[in-house]
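What follows is one structure encoded as structure tokens, with my remarks underneath.
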Number of protein chains: 2
Amino acid sequence: MNALRAIDLASNSIIVEAGMRLQQVQELASAHDRLFPLSLASEGSCTIGGNLATNAGGTAVLAYGMIRDLVLGIEVVLADGRIMSQLGTLKKDNTGYDLKHLFIGSEGTLGIITAASLKLFAKPRAIATAMIGLASPQKALDLLIFAQQKCGEAIKAFELIPRIGIDFVTSHMTVRDPLSNRHQWYVLLELTASAPTGMDELLTSMLEEALAREIIEDASLAHSLEQWQHFWHVREWMSEVQKHEGGSIKHDVSVPIHHVPAFINDVTRAIEDLIPGARPVPFGHLGDGNIHCNISQPIGADKQAFLARWDEVNRLVHGLVVHYKGSISAEHGIGTLKRDLLKEVKDPIALDVMRQIKNTLDPLHLLNPNKVLPLK
Amino acid sequence: MNALRAIDLASNSIIVEAGMRLQQVQELASAHDRLFPLSLASEGSCTIGGNLATNAGGTAVLAYGMIRDLVLGIEVVLADGRIMSQLGTLKKDNTGYDLKHLFIGSEGTLGIITAASLKLFAKPRAIATAMIGLASPQKALDLLIFAQQKCGEAIKAFELIPRIGIDFVTSHMTVRDPLSNRHQWYVLLELTASAPTGMDELLTSMLEEALAREIIEDASLAHSLEQWQHFWHVREWMSEVQKHEGGSIKHDVSVPIHHVPAFINDVTRAIEDLIPGARPVPFGHLGDGNIHCNISQPIGADKQAFLARWDEVNRLVHGLVVHYKGSISAEHGIGTLKRDLLKEVKDPIALDVMRQIKNTLDPLHLLNPNKVLPLK
């Protein structure tokens with residue numbers, strides 16, 4: 001069940017079966033001079049069916065959305081064994097309720113998605129990438145708003161990195177500091193566009209103005225593939241290098257973008273109070289409000305003793321997430337791990353409607369039982 | 001119930017109540033140097049609540065999607081009177097089922113949307129617009145595919161116009177032929193981008209290459225506001241001018257984009273067989289597969305006698321839509337007018353799931369009764 005069923009370059013759509021690996025979808029799109037923008041660390045092994053069941057996100061959400069936004073139609077096996085096939089490639093179809101979004105992201109609890117009709121995009125023809133040094137998450141937020149005004153929809157990635165993350169990367173990988181001086185915070189910013197030229201000029205002029213306005217402290221554009229890889233490696237190794245620093249307690253959270261600076265500040269202070277010496281490494285997709293709020297153990301502390309405080313640290317961070325009207329699961333879903341947390345953070349009416357729908361579409365609870373919905 | 005509740009420039013979001021007029025949302029966005037891209041002929045009078053209930057489309061769908069794609073969250077009154085409030089501005093939130101898409105486009109049959117959190121976009125900084133003459137819908141499709149390769153996501157509008165539509169406009173409005181020679185078909189193509197320059201050059205070089213490849217016959221770029229308005233008036237008056245040509249039988253259909261040329265060809269032939277002299281005026285959003293397939297009466301025929309054949313003509317056109325796996329309601333929804341047609345064109349399993357959900361969320365059928373779902 002991993003076949004390509006159809007590809008249509010006029011409609012910019014591809015129909016694939018759920019067992020196809022994400023990377024294969026990307027390659028099929030590329031072979032037809034198109035882009036399938038969903039991109040994840042696990043793209044070589046994860047399947048489209050899994051991506052759909054969990055509404056996967058990744059690094060291109062700022063520009064292209066979650067996988068939910070990339071779907072034209074699905075084929076799904078219902079709990080009673082019937083197959084509902086809605087694999088059209090139409091962009092406009094207002095004939096009745098939109099059922100696909102109910103199944104996408106339901107983690108297999110409402111039906112099993114067996115195929116999908118996905119959107120393809122034009123390949124970008126121009127790219128410009130910069131590593132930027134700045135003083136604080138607030139300055140990074142100021143830069144995001146300024147960059148959106150000047151560069152608009154061309155912004156493809158806007159990734160926040162703290163100094164401690166750069167220290168980890170330069171300590172544990174053979175990579176140099178990305179800018180000549182040290183800065184407290186960094187942003188990796190990438191623009192892409194359909195027009196083949198003009199992106200470097202646009203990015204340069206925006207950054208010069210941001211420097212003049214004292215939003216940023218320094219910036220360097222990638223002028224070669226090697227420099228581009230260097231900047232992206234710094235960002236992509238951020239999770240990996242934490243393994244060399246002992247235990248790490250992880251969170252997959254998002255908050256409204258304008259609250260990100262206050263949220264990072266509050267988490268940092270609260271963690272210092274709770275576990276003196278513990279080192280927050282908040283990094284990630286500032287443009288989506290999705291900060292990977294990982295906490296590395298204090299230097300020299302006992303790893304197991306630190307990791308034993310996982311739930312306690314989660315509770316603290318999730319409390320701040322709820323305070324800022326954020327989400328305790330930005331990308332990774334609920335499953336069983338966060339199932340019982342859900343009733344603490346979710347509107348009880350929404351939870352009740354979810355239950356009503358589950359009971360209607362899967363009255364015997366045959367599909368992925370006891371996942372997502374909290375037991376009463 | 002037409003208040004602005006919040007606007008957030010970092011998250012690029014606006015929260016408004018359902019009674020606010022669409023144009024007011026556009027104006028609020030513009031006052032903050034942002035774009036709310038939904039655009040309809042009725043934007044001065046229609047409300048956001050109505051737009052959400054019907055999943056409104058319009059002229060910017062190719063670039064920005066239907067209103068469904070512009071929604072971050074909704075507040076909705078359920079059939080039992082409870083209010084489900086999901087007005088967050090988060091772009092990433094995987095905590096449970098996505099319920100908002102069930103209510104959007106349900107035409108008020110599952111709940112009453114009272115407020116919404118909507119996405120805002122950067123205002124485009126550059127625009128380039130061309131009127132293009134070409135030989136056939138197939139050439140227009142060739143141009144669409146070619147333009148997508150060369151100009152990618154910069155394509156904002158791709159509108160097809162038949163020669164007869166130009167004749168109607170030049171006969172009934174004070175406007176000249178848009179190109180120096182006559183062509184059988186026309187495309188109005190518009191590019192926009194975040195970078196302030198380069199769009200004219202991109203459009204010109206793409207069109208020169210399309211001319212050399214004999215995809216197009218001629219093209220003219222709008223070099224002034226007056227020219228830009230001229231091109232768009234030709235397109236926008238397309239419905240209006242049909243009123244001066246007697247009775248017109250209308251359709252709101254879409255088909256997969258690569259089938260548009262065959263669909264137009266088949267409709268034209270079938271109409272000629274059914275009502276000799278009747279004049280098809282297929283025009284509209286080729287980039288979305290959404291062709292307004294209107295049929296003007298034969299010259300000199302009796303208007304009432306022609307309009308009396310409305311259902312018969314609908315049946316013929318809808319039969320071809322179903323043949324090409326299209327939609328009999330691309331933008332306008334189902335209501336009561338198309339309610340009984342739905343069971344002829346919709347997958348019976350999808351229809352059954354729709355019924356199950358209706359009976360679960362509104363067991364007494366209090367909400368907009370007898371709309372959308374066919375009586376058994």
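In the structure tokens, chains take letters A, B, ... by order of appearance, with residues numbered from 1 within each chain and ligands from 1 in the order shown.
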
For chain B versus chain A, which residues have an atom no more than 7 Å away, and what is each residue's nearest atom pair and distance in Å rounded to one decimal, using only C-alpha atoms, chain-then-number order, as CSV?
residue,atom,partner,partner_atom,distance
B:Ala10,CA,A:His258,CA,5.5
B:Ser11,CA,A:Ile257,CA,5.3
B:Met84,CA,A:Ile349,CA,5.9
B:Thr89,CA,A:Pro256,CA,6.2
B:Leu90,CA,A:Pro256,CA,5.6
B:Lys91,CA,A:Asp288,CA,5.9
B:Lys92,CA,A:Ala330,CA,4.8
B:Asp93,CA,A:Ala330,CA,4.4
B:Asn94,CA,A:Gly333,CA,5.0
B:Thr95,CA,A:Ser329,CA,5.8
B:Gly96,CA,A:Val372,CA,6.5
B:Tyr97,CA,A:Ser106,CA,5.5
B:Asp98,CA,A:Leu102,CA,5.9
B:Leu99,CA,A:Leu102,CA,6.9
B:His101,CA,A:Asp98,CA,6.4
B:Leu102,CA,A:Asp98,CA,5.9
B:Gly105,CA,A:Tyr97,CA,6.4
B:Ser106,CA,A:Tyr97,CA,5.5
B:Ala122,CA,A:Gly152,CA,4.8
B:Ile145,CA,A:Ala10,CA,5.8
B:Gln148,CA,A:Ala122,CA,6.4
B:Gln149,CA,A:Ala122,CA,6.2
B:Cys151,CA,A:Ser194,CA,5.2
B:Gly152,CA,A:Ala122,CA,4.8
B:Glu153,CA,A:Ser194,CA,6.2
B:Ala154,CA,A:Ser194,CA,6.3
B:Ser194,CA,A:Gly152,CA,5.1
B:Ala195,CA,A:Cys151,CA,6.1
B:Leu202,CA,A:Ala195,CA,6.5
B:Ser254,CA,A:Lys92,CA,6.6
B:Val255,CA,A:Leu90,CA,6.7
B:Pro256,CA,A:Leu90,CA,5.6
B:Ile257,CA,A:Ser11,CA,5.3
B:His258,CA,A:Ala10,CA,5.5
B:Asp288,CA,A:Lys91,CA,5.9
B:Asn290,CA,A:Lys92,CA,7.0
B:Ser327,CA,A:Asp93,CA,5.6
B:Ser329,CA,A:Asn94,CA,5.4
B:Ala330,CA,A:Asp93,CA,4.4
B:Glu331,CA,A:Asn94,CA,5.7
B:His332,CA,A:Asn94,CA,6.8
B:Gly333,CA,A:Asn94,CA,5.0
B:Ile334,CA,A:Thr95,CA,6.1
B:Ile349,CA,A:Met84,CA,5.9
B:Ala350,CA,A:Met84,CA,6.2
B:Met354,CA,A:Tyr97,CA,6.5
B:Gln356,CA,A:Thr360,CA,6.9
B:Thr360,CA,A:Gln356,CA,6.9
B:Val372,CA,A:Gly96,CA,6.5

Helix (DSSP H, G or I) residues, from DSSP on the backbone, in region 131-191 of chain A, as a PyMOL selection string = chain A and resi 137-154+163-172

For the residues in that selection, give me N, CA and C atoms as a short mmCIF file (atom, residue, chain, number, x, y, z; two decimals), in the first residue's frame.
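Saved as selection-v9.cif:
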data_model
loop_
_atom_site.label_atom_id
_atom_site.label_comp_id
_atom_site.auth_asym_id
_atom_site.auth_seq_id
_atom_site.Cartn_x
_atom_site.Cartn_y
_atom_site.Cartn_z
N PRO A 137 15.05 37.55 22.78
CA PRO A 137 13.86 37.07 22.05
C PRO A 137 12.95 38.23 21.63
N GLN A 138 12.87 39.30 22.44
CA GLN A 138 12.04 40.45 22.05
C GLN A 138 12.56 41.08 20.76
N LYS A 139 13.90 41.19 20.64
CA LYS A 139 14.48 41.74 19.41
C LYS A 139 14.19 40.80 18.23
N ALA A 140 14.21 39.49 18.50
CA ALA A 140 13.90 38.53 17.43
C ALA A 140 12.45 38.71 16.96
N LEU A 141 11.55 38.95 17.92
CA LEU A 141 10.15 39.20 17.57
C LEU A 141 10.02 40.49 16.77
N ASP A 142 10.74 41.55 17.21
CA ASP A 142 10.73 42.81 16.45
C ASP A 142 11.21 42.56 15.01
N LEU A 143 12.25 41.74 14.89
CA LEU A 143 12.79 41.45 13.55
C LEU A 143 11.76 40.69 12.71
N LEU A 144 11.05 39.75 13.33
CA LEU A 144 10.03 38.99 12.60
C LEU A 144 8.98 39.93 12.02
N ILE A 145 8.48 40.84 12.86
CA ILE A 145 7.43 41.76 12.40
C ILE A 145 7.98 42.67 11.30
N PHE A 146 9.20 43.18 11.50
CA PHE A 146 9.82 44.05 10.50
C PHE A 146 10.04 43.30 9.18
N ALA A 147 10.56 42.07 9.29
CA ALA A 147 10.84 41.28 8.09
C ALA A 147 9.55 40.95 7.34
N GLN A 148 8.47 40.69 8.09
CA GLN A 148 7.20 40.40 7.42
C GLN A 148 6.69 41.60 6.64
N GLN A 149 6.93 42.80 7.20
CA GLN A 149 6.52 44.00 6.47
C GLN A 149 7.33 44.19 5.20
N LYS A 150 8.63 43.91 5.27
CA LYS A 150 9.52 44.20 4.15
C LYS A 150 9.58 43.05 3.14
N CYS A 151 9.47 41.82 3.61
CA CYS A 151 9.71 40.67 2.73
C CYS A 151 8.47 39.78 2.59
N GLY A 152 7.46 40.04 3.40
CA GLY A 152 6.16 39.39 3.27
C GLY A 152 6.24 37.89 3.17
N GLU A 153 5.50 37.33 2.21
CA GLU A 153 5.35 35.89 2.08
C GLU A 153 6.62 35.21 1.62
N ALA A 154 7.67 35.99 1.30
CA ALA A 154 8.93 35.37 0.89
C ALA A 154 9.63 34.66 2.06
N ARG A 163 22.23 31.45 22.63
CA ARG A 163 23.70 31.33 22.66
C ARG A 163 24.14 29.97 23.19
N ILE A 164 23.44 29.45 24.19
CA ILE A 164 23.85 28.17 24.77
C ILE A 164 23.79 27.06 23.72
N GLY A 165 22.86 27.16 22.80
CA GLY A 165 22.76 26.18 21.71
C GLY A 165 23.96 26.25 20.78
N ILE A 166 24.41 27.49 20.48
CA ILE A 166 25.61 27.68 19.65
C ILE A 166 26.82 27.09 20.38
N ASP A 167 26.90 27.34 21.70
CA ASP A 167 28.01 26.78 22.49
C ASP A 167 28.01 25.25 22.41
N PHE A 168 26.84 24.65 22.56
CA PHE A 168 26.74 23.18 22.47
C PHE A 168 27.23 22.70 21.11
N VAL A 169 26.77 23.36 20.05
CA VAL A 169 27.11 22.92 18.69
C VAL A 169 28.61 23.06 18.44
N THR A 170 29.18 24.21 18.82
CA THR A 170 30.62 24.40 18.55
C THR A 170 31.48 23.51 19.45
N SER A 171 30.95 23.11 20.63
CA SER A 171 31.70 22.19 21.50
C SER A 171 31.71 20.77 20.95
N HIS A 172 30.58 20.32 20.43
CA HIS A 172 30.42 18.89 20.16
C HIS A 172 30.48 18.52 18.68
#

Restricting the calculation to only C-alpha atoms, which member of B:Pro369, B:Pro298, B:Pro261, B:Gly44 is positioned closest to Pro282 (chain B)?
->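 Closest to Pro282 (chain B), using only C-alpha atoms: B:Pro261.
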
Residue among A:Leu337, A:Pro37, A:Ser296, A:Thr129 lying closest to Asp311 (chain A), counting only C-alpha atoms | A:Leu337

Considering only C-alpha atoms, return as a PyMOL selection string whatever protein or nucleic-acid residues lie within 8 Å of Ala130 (chain A), sequence-local ones (same chain, fewer than 2 positions apart) excluded.
-> chain A and resi 128+132+188-190+219-222+231

Would you mind listing what lies within 9 Å of Gly277 (chain A) as a short mmCIF file (atom, residue, chain, number, x, y, z; two decimals) with C-alpha atoms, in the first residue's frame, with only C-alpha atoms counted and same-chain residues fewer than 6 positions away left out?
data_model
loop_
_atom_site.label_atom_id
_atom_site.label_comp_id
_atom_site.auth_asym_id
_atom_site.auth_seq_id
_atom_site.Cartn_x
_atom_site.Cartn_y
_atom_site.Cartn_z
CA ILE A 271 13.34 26.52 35.93
CA GLN A 297 20.52 19.12 33.21
CA PRO A 298 22.84 21.15 35.47
CA ILE A 299 26.55 20.56 34.69
CA ALA A 301 24.35 16.63 38.04
#

Judged by only C-alpha atoms, the minimum distance to Leu134 (chain B) among B:Pro162, B:Pro363, B:Gly246, B:Gly50 is found for B:Pro162

B:Asp218, B:Glu209, B:Asp273, B:Glu312: which is nearest Asn181 (chain B), counting only C-alpha atoms?
-> B:Asp218

Proximity to Val241 (chain B) - best of B:Met206, B:Met173, B:Leu316, B:Leu118, only C-alpha atoms |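 Closest residue, counting only C-alpha atoms: B:Met173.
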
Would you please give, as a list in words, all residues of region 179-215 of chain A that DSSP assigns to strand (DSSP E) based on the backbone?
->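 Those in region 179-215 of chain A that DSSP calls strand (DSSP E) are Trp185, Tyr186, Val187, Leu188, Leu189, Glu190, Leu191, Thr192 and Ala193 of chain A.
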
Could you state the separation of CA of Ala270 (chain B) and CA of Ser248 (chain B) in Å, given to one decimal place?
->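 Going from CA of Ala270 (chain B) over to CA of Ser248 (chain B) covers 16.3 Å.
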
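Here CA of Gly284 (chain B) and CA of Phe158 (chain B) stand 8.2 Å from one another.
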
Find the spatial neighbours of Ala6 (chain A), counting only C-alpha atoms, within a cut-off of 9 Å - ignore same-chain residues fewer than 5 positions away - and output them as a PDB file with all heavy atoms, in the first residue's frame.
ATOM      1  N   SER A  13      -1.173  18.292  -8.295  1.00  0.00           N
ATOM      2  CA  SER A  13      -1.604  17.350  -7.266  1.00  0.00           C
ATOM      3  C   SER A  13      -0.968  15.987  -7.494  1.00  0.00           C
ATOM      4  O   SER A  13      -0.581  15.638  -8.613  1.00  0.00           O
ATOM      5  CB  SER A  13      -3.127  17.222  -7.276  1.00  0.00           C
ATOM      6  OG  SER A  13      -3.557  16.677  -8.504  1.00  0.00           O
ATOM      7  N   ILE A  14      -0.856  15.234  -6.413  1.00  0.00           N
ATOM      8  CA  ILE A  14      -0.318  13.881  -6.476  1.00  0.00           C
ATOM      9  C   ILE A  14      -1.182  13.014  -5.560  1.00  0.00           C
ATOM     10  O   ILE A  14      -1.566  13.444  -4.473  1.00  0.00           O
ATOM     11  CB  ILE A  14       1.178  13.856  -6.054  1.00  0.00           C
ATOM     12  CG1 ILE A  14       1.795  12.471  -6.243  1.00  0.00           C
ATOM     13  CG2 ILE A  14       1.371  14.314  -4.615  1.00  0.00           C
ATOM     14  CD1 ILE A  14       3.324  12.472  -6.079  1.00  0.00           C
ATOM     15  N   ILE A  15      -1.544  11.812  -6.042  1.00  0.00           N
ATOM     16  CA  ILE A  15      -2.321  10.885  -5.217  1.00  0.00           C
ATOM     17  C   ILE A  15      -1.435   9.699  -4.882  1.00  0.00           C
ATOM     18  O   ILE A  15      -0.935   9.011  -5.776  1.00  0.00           O
ATOM     19  CB  ILE A  15      -3.605  10.422  -5.937  1.00  0.00           C
ATOM     20  CG1 ILE A  15      -4.480  11.638  -6.283  1.00  0.00           C
ATOM     21  CG2 ILE A  15      -4.399   9.436  -5.067  1.00  0.00           C
ATOM     22  CD1 ILE A  15      -5.748  11.304  -7.050  1.00  0.00           C
ATOM     23  N   VAL A  16      -1.196   9.481  -3.580  1.00  0.00           N
ATOM     24  CA  VAL A  16      -0.317   8.401  -3.132  1.00  0.00           C
ATOM     25  C   VAL A  16      -1.002   7.579  -2.054  1.00  0.00           C
ATOM     26  O   VAL A  16      -1.903   8.059  -1.366  1.00  0.00           O
ATOM     27  CB  VAL A  16       1.028   8.944  -2.575  1.00  0.00           C
ATOM     28  CG1 VAL A  16       1.776   9.733  -3.636  1.00  0.00           C
ATOM     29  CG2 VAL A  16       0.804   9.787  -1.336  1.00  0.00           C
ATOM     30  N   SER A 117      -4.793  12.638  -1.639  1.00  0.00           N
ATOM     31  CA  SER A 117      -4.523  13.522  -2.759  1.00  0.00           C
ATOM     32  C   SER A 117      -3.894  14.785  -2.183  1.00  0.00           C
ATOM     33  O   SER A 117      -4.500  15.462  -1.347  1.00  0.00           O
ATOM     34  CB  SER A 117      -5.867  13.811  -3.441  1.00  0.00           C
ATOM     35  OG  SER A 117      -5.747  14.860  -4.340  1.00  0.00           O
TER      36      SER A 117
END
